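File shown here: my_file-v7.cif, holding mmCIF, N, CA and C atoms.
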data_structure
loop_
_atom_site.label_atom_id
_atom_site.label_comp_id
_atom_site.auth_asym_id
_atom_site.auth_seq_id
_atom_site.Cartn_x
_atom_site.Cartn_y
_atom_site.Cartn_z
N MET A 1 -64.46 19.77 -33.41
CA MET A 1 -64.27 21.11 -33.90
C MET A 1 -63.09 21.80 -33.22
N GLY A 2 -62.92 21.59 -31.92
CA GLY A 2 -61.86 22.27 -31.18
C GLY A 2 -60.47 21.90 -31.68
N VAL A 3 -60.25 20.64 -32.05
CA VAL A 3 -58.94 20.19 -32.53
C VAL A 3 -58.59 20.90 -33.83
N TYR A 4 -59.55 21.04 -34.72
CA TYR A 4 -59.32 21.73 -35.99
C TYR A 4 -58.83 23.15 -35.76
N TYR A 5 -59.51 23.88 -34.90
CA TYR A 5 -59.14 25.28 -34.65
C TYR A 5 -57.79 25.38 -33.93
N GLU A 6 -57.50 24.41 -33.08
CA GLU A 6 -56.21 24.41 -32.40
C GLU A 6 -55.07 24.19 -33.40
N ARG A 7 -55.23 23.24 -34.31
CA ARG A 7 -54.22 23.00 -35.35
C ARG A 7 -54.03 24.23 -36.23
N ARG A 8 -55.14 24.83 -36.59
CA ARG A 8 -55.09 26.02 -37.44
C ARG A 8 -54.35 27.16 -36.74
N ALA A 9 -54.61 27.34 -35.45
CA ALA A 9 -53.94 28.39 -34.67
C ALA A 9 -52.44 28.11 -34.58
N ARG A 10 -52.05 26.85 -34.35
CA ARG A 10 -50.62 26.49 -34.29
C ARG A 10 -49.95 26.75 -35.63
N LYS A 11 -50.64 26.43 -36.72
CA LYS A 11 -50.09 26.66 -38.06
C LYS A 11 -49.86 28.15 -38.31
N LYS A 12 -50.80 28.99 -37.89
CA LYS A 12 -50.65 30.43 -38.05
C LYS A 12 -49.47 30.96 -37.24
N ILE A 13 -49.30 30.44 -36.03
CA ILE A 13 -48.19 30.87 -35.19
C ILE A 13 -46.87 30.48 -35.84
N ARG A 14 -46.75 29.23 -36.32
CA ARG A 14 -45.52 28.79 -36.98
C ARG A 14 -45.21 29.65 -38.19
N LYS A 15 -46.24 29.95 -38.98
CA LYS A 15 -46.04 30.78 -40.17
C LYS A 15 -45.57 32.17 -39.79
N ALA A 16 -46.11 32.72 -38.71
CA ALA A 16 -45.72 34.06 -38.27
C ALA A 16 -44.27 34.08 -37.79
N LEU A 17 -43.78 32.97 -37.29
CA LEU A 17 -42.42 32.90 -36.78
C LEU A 17 -41.37 32.65 -37.86
N THR A 18 -41.77 32.17 -39.03
CA THR A 18 -40.80 31.85 -40.05
C THR A 18 -40.11 33.11 -40.56
N ARG A 19 -38.87 32.92 -40.96
CA ARG A 19 -38.06 34.02 -41.48
C ARG A 19 -37.59 33.68 -42.89
N LYS A 20 -37.55 34.68 -43.72
CA LYS A 20 -37.08 34.52 -45.09
C LYS A 20 -35.55 34.47 -45.07
N ILE A 21 -34.99 33.37 -45.53
CA ILE A 21 -33.55 33.19 -45.58
C ILE A 21 -33.14 33.04 -47.04
N ILE A 22 -32.18 33.83 -47.47
CA ILE A 22 -31.70 33.75 -48.85
C ILE A 22 -30.31 33.11 -48.83
N PHE A 23 -30.22 31.95 -49.46
CA PHE A 23 -28.94 31.28 -49.61
C PHE A 23 -28.33 31.73 -50.93
N THR A 24 -27.06 32.14 -50.91
CA THR A 24 -26.38 32.57 -52.13
C THR A 24 -25.04 31.87 -52.24
N PHE A 25 -24.62 31.65 -53.47
CA PHE A 25 -23.33 31.03 -53.72
C PHE A 25 -22.78 31.60 -55.01
N HIS A 26 -21.52 32.02 -54.98
CA HIS A 26 -20.90 32.59 -56.18
C HIS A 26 -20.02 31.54 -56.85
N SER A 27 -20.43 31.14 -58.04
CA SER A 27 -19.64 30.20 -58.84
C SER A 27 -20.08 30.36 -60.29
N PRO A 28 -19.41 31.24 -61.03
CA PRO A 28 -19.83 31.52 -62.41
C PRO A 28 -19.71 30.33 -63.35
N THR A 29 -18.88 29.36 -63.00
CA THR A 29 -18.68 28.22 -63.91
C THR A 29 -19.53 27.00 -63.54
N ALA A 30 -20.24 27.05 -62.43
CA ALA A 30 -21.04 25.90 -62.00
C ALA A 30 -22.21 25.65 -62.94
N ASP A 31 -22.55 24.37 -63.11
CA ASP A 31 -23.71 23.99 -63.91
C ASP A 31 -24.96 23.83 -63.06
N GLU A 32 -24.79 23.44 -61.78
CA GLU A 32 -25.92 23.32 -60.87
C GLU A 32 -25.44 23.45 -59.43
N VAL A 33 -26.29 24.07 -58.62
CA VAL A 33 -25.98 24.29 -57.21
C VAL A 33 -27.24 23.98 -56.40
N PHE A 34 -27.06 23.24 -55.31
CA PHE A 34 -28.15 22.90 -54.40
C PHE A 34 -27.71 23.24 -52.98
N VAL A 35 -28.66 23.37 -52.07
CA VAL A 35 -28.36 23.51 -50.66
C VAL A 35 -29.07 22.37 -49.93
N ALA A 36 -28.34 21.73 -49.02
CA ALA A 36 -28.90 20.64 -48.23
C ALA A 36 -28.53 20.88 -46.77
N GLY A 37 -29.42 20.49 -45.88
CA GLY A 37 -29.13 20.67 -44.46
C GLY A 37 -30.20 20.06 -43.59
N THR A 38 -30.13 20.40 -42.33
CA THR A 38 -31.08 19.85 -41.37
C THR A 38 -32.50 20.32 -41.66
N PHE A 39 -32.66 21.41 -42.38
CA PHE A 39 -33.98 21.93 -42.72
C PHE A 39 -34.67 21.13 -43.83
N ASN A 40 -33.93 20.31 -44.58
CA ASN A 40 -34.55 19.49 -45.63
C ASN A 40 -34.08 18.03 -45.56
N ASN A 41 -33.70 17.60 -44.36
CA ASN A 41 -33.28 16.22 -44.11
C ASN A 41 -32.07 15.83 -44.95
N TRP A 42 -31.22 16.79 -45.25
CA TRP A 42 -29.98 16.58 -46.02
C TRP A 42 -30.23 15.99 -47.39
N GLU A 43 -31.37 16.29 -47.98
CA GLU A 43 -31.67 15.82 -49.34
C GLU A 43 -30.86 16.66 -50.33
N PRO A 44 -29.87 16.07 -51.01
CA PRO A 44 -28.95 16.87 -51.82
C PRO A 44 -29.53 17.51 -53.07
N ARG A 45 -30.69 17.07 -53.53
CA ARG A 45 -31.25 17.65 -54.75
C ARG A 45 -32.61 18.30 -54.53
N ARG A 46 -33.02 18.47 -53.28
CA ARG A 46 -34.35 19.01 -53.00
C ARG A 46 -34.44 20.52 -53.24
N ASP A 47 -33.41 21.26 -52.88
CA ASP A 47 -33.47 22.72 -52.94
C ASP A 47 -32.42 23.29 -53.90
N PRO A 48 -32.78 23.41 -55.18
CA PRO A 48 -31.82 23.97 -56.15
C PRO A 48 -31.72 25.49 -56.01
N LEU A 49 -30.56 26.02 -56.31
CA LEU A 49 -30.37 27.45 -56.40
C LEU A 49 -30.53 27.82 -57.87
N ARG A 50 -31.00 29.01 -58.11
CA ARG A 50 -31.19 29.51 -59.48
C ARG A 50 -30.05 30.45 -59.84
N LYS A 51 -29.57 30.34 -61.06
CA LYS A 51 -28.49 31.21 -61.51
C LYS A 51 -29.06 32.58 -61.86
N ASN A 52 -28.35 33.63 -61.42
CA ASN A 52 -28.73 34.99 -61.74
C ASN A 52 -27.47 35.81 -62.03
N ALA A 53 -27.60 37.10 -62.22
CA ALA A 53 -26.46 37.94 -62.59
C ALA A 53 -25.37 37.96 -61.53
N LYS A 54 -25.73 37.74 -60.27
CA LYS A 54 -24.75 37.80 -59.17
C LYS A 54 -24.23 36.43 -58.75
N GLY A 55 -24.74 35.38 -59.32
CA GLY A 55 -24.32 34.03 -58.94
C GLY A 55 -25.52 33.11 -58.86
N TRP A 56 -25.67 32.44 -57.73
CA TRP A 56 -26.75 31.48 -57.50
C TRP A 56 -27.48 31.85 -56.21
N SER A 57 -28.80 31.65 -56.18
CA SER A 57 -29.54 31.93 -54.95
C SER A 57 -30.85 31.16 -54.90
N THR A 58 -31.34 31.00 -53.68
CA THR A 58 -32.65 30.42 -53.43
C THR A 58 -33.17 30.97 -52.11
N VAL A 59 -34.48 30.92 -51.94
CA VAL A 59 -35.12 31.41 -50.72
C VAL A 59 -35.74 30.24 -49.97
N LYS A 60 -35.52 30.21 -48.66
CA LYS A 60 -36.17 29.24 -47.78
C LYS A 60 -36.84 30.03 -46.67
N TYR A 61 -37.95 29.52 -46.17
CA TYR A 61 -38.63 30.11 -45.02
C TYR A 61 -38.44 29.14 -43.85
N LEU A 62 -37.72 29.60 -42.85
CA LEU A 62 -37.35 28.73 -41.73
C LEU A 62 -37.84 29.29 -40.41
N GLU A 63 -38.24 28.38 -39.53
CA GLU A 63 -38.62 28.77 -38.18
C GLU A 63 -37.36 29.06 -37.37
N PRO A 64 -37.47 29.82 -36.28
CA PRO A 64 -36.30 30.09 -35.46
C PRO A 64 -35.65 28.80 -34.98
N GLY A 65 -34.35 28.80 -34.98
CA GLY A 65 -33.60 27.63 -34.55
C GLY A 65 -32.21 27.64 -35.14
N THR A 66 -31.47 26.58 -34.89
CA THR A 66 -30.12 26.42 -35.41
C THR A 66 -30.14 25.32 -36.46
N TYR A 67 -29.60 25.62 -37.61
CA TYR A 67 -29.58 24.69 -38.74
C TYR A 67 -28.15 24.49 -39.23
N GLU A 68 -27.86 23.28 -39.68
CA GLU A 68 -26.59 22.99 -40.33
C GLU A 68 -26.88 22.78 -41.81
N TYR A 69 -25.91 23.18 -42.65
CA TYR A 69 -26.13 23.05 -44.09
C TYR A 69 -24.81 23.04 -44.84
N ARG A 70 -24.88 22.63 -46.12
CA ARG A 70 -23.76 22.70 -47.05
C ARG A 70 -24.33 22.88 -48.45
N PHE A 71 -23.50 23.38 -49.34
CA PHE A 71 -23.88 23.49 -50.75
C PHE A 71 -23.36 22.27 -51.50
N ILE A 72 -24.08 21.90 -52.55
CA ILE A 72 -23.64 20.86 -53.46
C ILE A 72 -23.47 21.52 -54.82
N VAL A 73 -22.23 21.65 -55.25
CA VAL A 73 -21.90 22.35 -56.49
C VAL A 73 -21.38 21.32 -57.48
N ASP A 74 -22.15 21.10 -58.54
CA ASP A 74 -21.79 20.09 -59.55
C ASP A 74 -21.43 18.76 -58.91
N GLY A 75 -22.22 18.37 -57.90
CA GLY A 75 -22.05 17.07 -57.24
C GLY A 75 -21.04 17.04 -56.11
N VAL A 76 -20.37 18.14 -55.83
CA VAL A 76 -19.36 18.20 -54.78
C VAL A 76 -19.89 19.01 -53.60
N TRP A 77 -19.84 18.42 -52.39
CA TRP A 77 -20.29 19.10 -51.18
C TRP A 77 -19.27 20.18 -50.82
N MET A 78 -19.76 21.40 -50.60
CA MET A 78 -18.88 22.53 -50.33
C MET A 78 -19.41 23.38 -49.18
N ASP A 79 -18.48 24.11 -48.55
CA ASP A 79 -18.85 25.06 -47.50
C ASP A 79 -19.38 26.34 -48.11
N ASP A 80 -20.14 27.06 -47.31
CA ASP A 80 -20.57 28.41 -47.66
C ASP A 80 -19.40 29.33 -47.29
N PRO A 81 -18.76 29.97 -48.27
CA PRO A 81 -17.57 30.77 -47.97
C PRO A 81 -17.84 31.99 -47.07
N ILE A 82 -19.09 32.41 -46.94
CA ILE A 82 -19.36 33.56 -46.06
C ILE A 82 -19.83 33.16 -44.67
N CYS A 83 -20.00 31.87 -44.44
CA CYS A 83 -20.44 31.39 -43.12
C CYS A 83 -19.30 31.48 -42.12
N GLN A 84 -19.58 32.02 -40.96
CA GLN A 84 -18.57 32.21 -39.92
C GLN A 84 -18.55 31.10 -38.86
N LYS A 85 -19.64 30.33 -38.75
CA LYS A 85 -19.74 29.34 -37.69
C LYS A 85 -19.87 27.95 -38.31
N HIS A 86 -19.12 26.99 -37.77
CA HIS A 86 -19.13 25.62 -38.30
C HIS A 86 -19.18 24.61 -37.15
N TYR A 87 -19.80 23.46 -37.42
CA TYR A 87 -19.80 22.33 -36.51
C TYR A 87 -19.15 21.16 -37.23
N PRO A 88 -18.33 20.35 -36.54
CA PRO A 88 -17.76 19.17 -37.19
C PRO A 88 -18.86 18.17 -37.53
N ASN A 89 -18.66 17.44 -38.62
CA ASN A 89 -19.63 16.41 -38.99
C ASN A 89 -18.97 15.03 -38.96
N GLN A 90 -19.75 14.01 -39.19
CA GLN A 90 -19.27 12.63 -39.09
C GLN A 90 -18.36 12.22 -40.25
N TYR A 91 -18.18 13.08 -41.23
CA TYR A 91 -17.38 12.74 -42.40
C TYR A 91 -15.98 13.37 -42.34
N GLY A 92 -15.62 13.95 -41.21
CA GLY A 92 -14.30 14.53 -41.05
C GLY A 92 -14.18 15.95 -41.57
N SER A 93 -15.28 16.54 -41.97
CA SER A 93 -15.27 17.94 -42.41
C SER A 93 -16.21 18.70 -41.48
N GLU A 94 -16.66 19.86 -41.92
CA GLU A 94 -17.54 20.69 -41.10
C GLU A 94 -18.77 21.11 -41.86
N ASN A 95 -19.86 21.29 -41.12
CA ASN A 95 -21.09 21.84 -41.68
C ASN A 95 -21.16 23.32 -41.31
N CYS A 96 -21.75 24.08 -42.20
CA CYS A 96 -22.01 25.49 -41.93
C CYS A 96 -23.19 25.57 -40.96
N VAL A 97 -23.19 26.60 -40.12
CA VAL A 97 -24.25 26.75 -39.12
C VAL A 97 -24.99 28.06 -39.36
N LEU A 98 -26.30 27.96 -39.38
CA LEU A 98 -27.17 29.11 -39.56
C LEU A 98 -28.09 29.21 -38.35
N GLU A 99 -28.12 30.38 -37.72
CA GLU A 99 -29.02 30.60 -36.60
C GLU A 99 -30.10 31.57 -37.04
N VAL A 100 -31.35 31.10 -36.99
CA VAL A 100 -32.49 31.91 -37.42
C VAL A 100 -33.18 32.46 -36.18
#

Using the file provided, produce a representation of the structure as structure tokens.
Amino acid sequence: MGVYYERRARKKIRKALTRKIIFTFHSPTADEVFVAGTFNNWEPRRDPLRKNAKGWSTVKYLEPGTYEYRFIVDGVWMDDPICQKHYPNQYGSENCVLEV
């Protein structure tokens, strides 16, 4: 019984620490936009953005920490144009950095 309650308490703490993060990308001509990063194991099609009047967006709930990410726009990996911090990656380009 004690292990169950301990797991449940840890889950509640993690949930309380998560922050709502809104990823946005402006590309009126794009057919599809995704976000991939350390928060989803760099899966390029796991987190699609939805098209709206202002562009593309999606919501992720992330625990505090530092995350790297990039957008995939019509199959092409792209930087977030509003991101100010970048880390070099193994492909000779840079990943965007998000601190939650």

Selection result of the PyMOL selection byres ((chain A and resi 66) around 6) on this file, as an mmCIF file with N, CA and C atoms, in the coordinates of the input:
data_model
loop_
_atom_site.group_PDB
_atom_site.id
_atom_site.type_symbol
_atom_site.label_atom_id
_atom_site.label_comp_id
_atom_site.auth_asym_id
_atom_site.auth_seq_id
_atom_site.Cartn_x
_atom_site.Cartn_y
_atom_site.Cartn_z
ATOM 1 N N PRO A 64 -37.470 29.820 -36.280
ATOM 2 C CA PRO A 64 -36.300 30.090 -35.460
ATOM 3 C C PRO A 64 -35.650 28.800 -34.980
ATOM 4 N N GLY A 65 -34.350 28.800 -34.980
ATOM 5 C CA GLY A 65 -33.600 27.630 -34.550
ATOM 6 C C GLY A 65 -32.210 27.640 -35.140
ATOM 7 N N TYR A 67 -29.600 25.620 -37.610
ATOM 8 C CA TYR A 67 -29.580 24.690 -38.740
ATOM 9 C C TYR A 67 -28.150 24.490 -39.230
ATOM 10 N N GLU A 68 -27.860 23.280 -39.680
ATOM 11 C CA GLU A 68 -26.590 22.990 -40.330
ATOM 12 C C GLU A 68 -26.880 22.780 -41.810
ATOM 13 N N LEU A 98 -26.300 27.960 -39.380
ATOM 14 C CA LEU A 98 -27.170 29.110 -39.560
ATOM 15 C C LEU A 98 -28.090 29.210 -38.350
ATOM 16 N N GLU A 99 -28.120 30.380 -37.720
ATOM 17 C CA GLU A 99 -29.020 30.600 -36.600
ATOM 18 C C GLU A 99 -30.100 31.570 -37.040
ATOM 19 N N VAL A 100 -31.350 31.100 -36.990
ATOM 20 C CA VAL A 100 -32.490 31.910 -37.420
ATOM 21 C C VAL A 100 -33.180 32.460 -36.180
#

Got a sec: who's within 7 Å of Asp47 in chain A, counting only N, CA and C atoms, leaving out chain neighbours fewer than 2 positions off, as a PyMOL selection string?
-> chain A and resi 33-36+43-45+49

Contacts of Ala30 in chain A at 7 Å (all atoms listed in the file; same-chain gap of 3+ positions) as a ChimeraX atom specification | /A:27,33,73-74

Give me the result of the PyMOL selection byres ((chain A and resi 25) around 8) on this file, residue by residue, as number ranges by chain.
-> A: 22-24, 26-28, 49, 54-58, 80-81

Return as an NGL selection string the full set of residues in chain A whose backbone-based DSSP assignment is strand (DSSP E).
-> :A and (19-25 or 33-37 or 47-48 or 50-52 or 55-62 or 66-73 or 76-78 or 86-88 or 94-99)

Care to translate the PyMOL selection byres (((chain A and resi 88-93 and name CA) around 12) and name CA) into actual residues of this file, as a compact mmCIF listing (two decimals) with N, CA and C atoms, in the coordinates of the input?
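out10.txt written:
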# COMPACT_ATOMS: atom_id res chain seq x y z
N GLY A 37 -29.42 20.49 -45.88
CA GLY A 37 -29.13 20.67 -44.46
C GLY A 37 -30.20 20.06 -43.59
N GLU A 68 -27.86 23.28 -39.68
CA GLU A 68 -26.59 22.99 -40.33
C GLU A 68 -26.88 22.78 -41.81
N TYR A 69 -25.91 23.18 -42.65
CA TYR A 69 -26.13 23.05 -44.09
C TYR A 69 -24.81 23.04 -44.84
N ARG A 70 -24.88 22.63 -46.12
CA ARG A 70 -23.76 22.70 -47.05
C ARG A 70 -24.33 22.88 -48.45
N TRP A 77 -19.84 18.42 -52.39
CA TRP A 77 -20.29 19.10 -51.18
C TRP A 77 -19.27 20.18 -50.82
N MET A 78 -19.76 21.40 -50.60
CA MET A 78 -18.88 22.53 -50.33
C MET A 78 -19.41 23.38 -49.18
N ASP A 79 -18.48 24.11 -48.55
CA ASP A 79 -18.85 25.06 -47.50
C ASP A 79 -19.38 26.34 -48.11
N LYS A 85 -19.64 30.33 -38.75
CA LYS A 85 -19.74 29.34 -37.69
C LYS A 85 -19.87 27.95 -38.31
N HIS A 86 -19.12 26.99 -37.77
CA HIS A 86 -19.13 25.62 -38.30
C HIS A 86 -19.18 24.61 -37.15
N TYR A 87 -19.80 23.46 -37.42
CA TYR A 87 -19.80 22.33 -36.51
C TYR A 87 -19.15 21.16 -37.23
N GLU A 94 -16.66 19.86 -41.92
CA GLU A 94 -17.54 20.69 -41.10
C GLU A 94 -18.77 21.11 -41.86
N ASN A 95 -19.86 21.29 -41.12
CA ASN A 95 -21.09 21.84 -41.68
C ASN A 95 -21.16 23.32 -41.31
N CYS A 96 -21.75 24.08 -42.20
CA CYS A 96 -22.01 25.49 -41.93
C CYS A 96 -23.19 25.57 -40.96
N VAL A 97 -23.19 26.60 -40.12
CA VAL A 97 -24.25 26.75 -39.12
C VAL A 97 -24.99 28.06 -39.36

Å distance separating atom C of Ile21 in chain A from CA of Arg7 in chain A, one decimal place |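 For atom C of Ile21 in chain A relative to CA of Arg7 in chain A, the distance reads 26.1 Å.
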
Please give the complete set of residues from chain A that DSSP, run on the backbone, assigns to helix (DSSP H, G or I), formatted as a count of residues only.
-> 19

To one decimal in Å, tell me the separation between CA of Lys51 in chain A and CA of Asp31 in chain A.
->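 Straight-line distance from CA of Lys51 in chain A to CA of Asp31 in chain A works out to 9.0 Å.
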
From atom C of Phe71 in chain A to atom N of Cys83 in chain A the spacing works out at 12.4 Å
